[in-house]
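A.B. asks: First the structure, which I've put down as structure tokens, then a few questions once you've had a look.
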Amino acid sequence: RGEKSPHLLMKKFILSLIFILSVQIQANSQTYSHAIELGDLNGYRYFISKEKFKFWDAHNHIKSIDSTLDLLSIHNVGESMFVYDKVGQKVGMSPQPPFYWLGGHDENQEGVWEWTDGSDWDYEQWTTDTTEANYGAEPNNLGGNENYLMVYYYSNGGWNDATNNPGDLPFYYVFKSAITTSQDTTNFSQPQVLENKVFPTLMNSEYSKIMFVTYWKNPITVVISDSGGKMLYKEMINNPKEVNTINLPYLPGGLYHGVAIHEKELFRFKFTCTK
């Protein structure tokens with residue numbers, strides 16, 4: 001009497017194991033009740049707010065939730081198009097496009113853009129096509145006080161400088177959070193899952209490029225076909241990077257299928273072009 005049965009000891013061990021794993025899963029699955037999760041890219045999880053704000057109100061709002069977070073800064077085309085594509089998927093286009101703030105502004109000095117998080121301004125994606133930007137290539141500072149960076153005013157991820165006047169409409173905002181791991185000292189771990197990604201999955205026919213994110217290191221063949229299986233485009237990526245730009249020919253509106261071939265591995269994807 002007083003001894004614990006092997007079944008009881010095993011039950012306690014299993015419960016302890018489940019607890020440890022659940023703590024790790026929670027640590028690796030950061031969520032925010034005020035935001036919609038967009039997806040993961042390069043060790044970060046991206047989110048868009050559920051509510052809309054003016055620019056500095058958006059900045060203050062995310063800081064009030066977590067002082068280590070900030071409005072999103074963008075540093076390459078892959079990141080820019082990943083966010084643009086995911087926002088369109090998760091938020092949708094009705095009743096109006098999902099306009100959202102990034103953390104860029106030139107409030108301190110006209111024409112000198114900076115990020116609210118203090119990172120380097122080392123990439124930009126302004127809309128320069130004047131067939132779409134009717135008042136001149138962006139940033140055009142129309143009206144003299146367009147000092148804040150927003151997206152979805154133009155198609156295909158092009159940036160726009162916008163006003164932040166009292167009577168203006170508020171927008172969503174985007175931010176990211178580092179994907180963290182548990183700090184316990186057990187031997188259990190959650191290895192990072194590497195996967196290929198393609199975006200945008202919905203684009204205007206005039207855009208004619210997709211981003212291919214991959215962990216593959218050796219040459220890759222990319223083939224694009226129409227919905228009937230007819231091959232329309234083929235490209236060899238001899239020295240793949242983490243984010244690769246694939247420039248496509250003009251594609252009419254419709255559904256397209258792609259396959260990336262790497263040695264004995266295949267990655268299939270599809271995307272839609274709108275007229």
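Naming scheme: A, B, ... for chains in displayed order of the structure tokens; residues 1 onward per chain; ligands 1 onward as shown.
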So that I can see what lies close to stretch 38-55 of chain A, please list as an MDAnalysis selection string the residues with an atom at most 8 Å from it, counting only C-alpha atoms and leaving out residues fewer than 3 positions away in the same chain.
C.D. replies: chainID A and resid 30 34:35 58:59 79 83 86:87 90 101 148 164 169:179
A.B. asks: Which residues, written as a compact mmCIF listing (two decimals) with C-alpha atoms, in the first residue's frame, have at least one atom at most 8 Å from A:Arg268, with only C-alpha atoms counted and residues fewer than 5 positions away on the same chain left out?
C.D. replies:
```
# COMPACT_ATOMS: atom_id res chain seq x y z
CA HIS A 257 -1.80 25.84 -63.55
CA GLY A 258 1.90 25.72 -62.81
CA VAL A 259 4.43 23.11 -61.82
CA ALA A 260 7.94 23.64 -60.47
```
A.B. asks: Show which residues sit within 12 Å of stretch 123-139 of chain A, as an MDAnalysis selection string. Count only C-alpha atoms, and ignore same-chain residues fewer than 5 positions away.
C.D. replies: chainID A and resid 73:81 84 102 104:106 110:115 144:163 206:207
A.B. asks: With C-alpha atoms retained, could you export that selection as a JSON list (two decimals), in the first residue's frame?
C.D. replies:
```json
[["chain", "number", "residue", "atom", "x", "y", "z"],
["A", 73, "SER", "CA", 7.85, 47.78, -43.03],
["A", 74, "ILE", "CA", 8.55, 46.12, -46.40],
["A", 75, "HIS", "CA", 12.05, 45.19, -47.55],
["A", 76, "ASN", "CA", 11.66, 43.13, -50.73],
["A", 77, "VAL", "CA", 9.19, 42.37, -53.49],
["A", 78, "GLY", "CA", 8.49, 38.87, -52.17],
["A", 79, "GLU", "CA", 7.33, 40.19, -48.81],
["A", 80, "SER", "CA", 5.29, 42.94, -50.47],
["A", 81, "MET", "CA", 3.42, 40.59, -52.81],
["A", 84, "TYR", "CA", -0.88, 41.90, -50.80],
["A", 102, "LEU", "CA", 2.05, 50.11, -44.10],
["A", 104, "GLY", "CA", 5.84, 54.34, -44.27],
["A", 105, "HIS", "CA", 5.55, 58.14, -44.16],
["A", 106, "ASP", "CA", 7.39, 61.30, -45.24],
["A", 110, "GLU", "CA", 8.66, 65.74, -48.01],
["A", 111, "GLY", "CA", 10.04, 63.06, -50.33],
["A", 112, "VAL", "CA", 12.19, 61.41, -47.66],
["A", 113, "TRP", "CA", 10.30, 58.27, -46.72],
["A", 114, "GLU", "CA", 10.89, 56.37, -43.50],
["A", 115, "TRP", "CA", 9.42, 53.44, -41.59],
["A", 144, "GLY", "CA", 0.30, 68.66, -51.00],
["A", 145, "ASN", "CA", -0.26, 66.45, -47.95],
["A", 146, "GLU", "CA", -0.16, 62.81, -49.07],
["A", 147, "ASN", "CA", 2.42, 61.68, -46.54],
["A", 148, "TYR", "CA", 1.35, 58.14, -45.61],
["A", 149, "LEU", "CA", 1.82, 54.80, -47.34],
["A", 150, "MET", "CA", -1.22, 52.67, -48.15],
["A", 151, "VAL", "CA", -1.87, 49.69, -50.42],
["A", 152, "TYR", "CA", -4.76, 48.37, -52.53],
["A", 153, "TYR", "CA", -5.64, 51.73, -54.08],
["A", 154, "TYR", "CA", -3.94, 50.32, -57.19],
["A", 155, "SER", "CA", -3.97, 46.76, -58.48],
["A", 156, "ASN", "CA", -1.14, 44.26, -58.16],
["A", 157, "GLY", "CA", 0.39, 45.59, -54.97],
["A", 158, "GLY", "CA", 1.42, 49.04, -56.15],
["A", 159, "TRP", "CA", 1.98, 51.60, -53.39],
["A", 160, "ASN", "CA", 0.15, 54.90, -53.01],
["A", 161, "ASP", "CA", 0.82, 57.96, -50.87],
["A", 162, "ALA", "CA", -2.37, 58.97, -49.08],
["A", 163, "THR", "CA", -3.67, 61.76, -46.88],
["A", 206, "GLU", "CA", -1.39, 43.16, -67.03],
["A", 207, "TYR", "CA", 0.71, 42.27, -63.99]]
```
A.B. asks: Between A:Lys217, A:Lys234, A:Lys241, A:Lys209, which has the minimum distance to A:Phe271 (counting only C-alpha atoms)?
C.D. replies: A:Lys209
A.B. asks: Running DSSP on the backbone, which parts of stretch 96-144 of chain A land in strand (DSSP E or B), as a list in words?
C.D. replies: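 In stretch 96-144 of chain A, DSSP puts these residues in strand (DSSP E or B): Tyr100, Trp101, Leu102, Gly103, Gly104, His105, Glu114, Trp115 and Trp126 of chain A.
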A.B. asks: Between atom CA of A:Glu265 and atom CA of A:Glu242, what is the distance, to one decimal in Å?
C.D. replies: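 For atom CA of A:Glu265 relative to atom CA of A:Glu242, the distance reads 16.8 Å.
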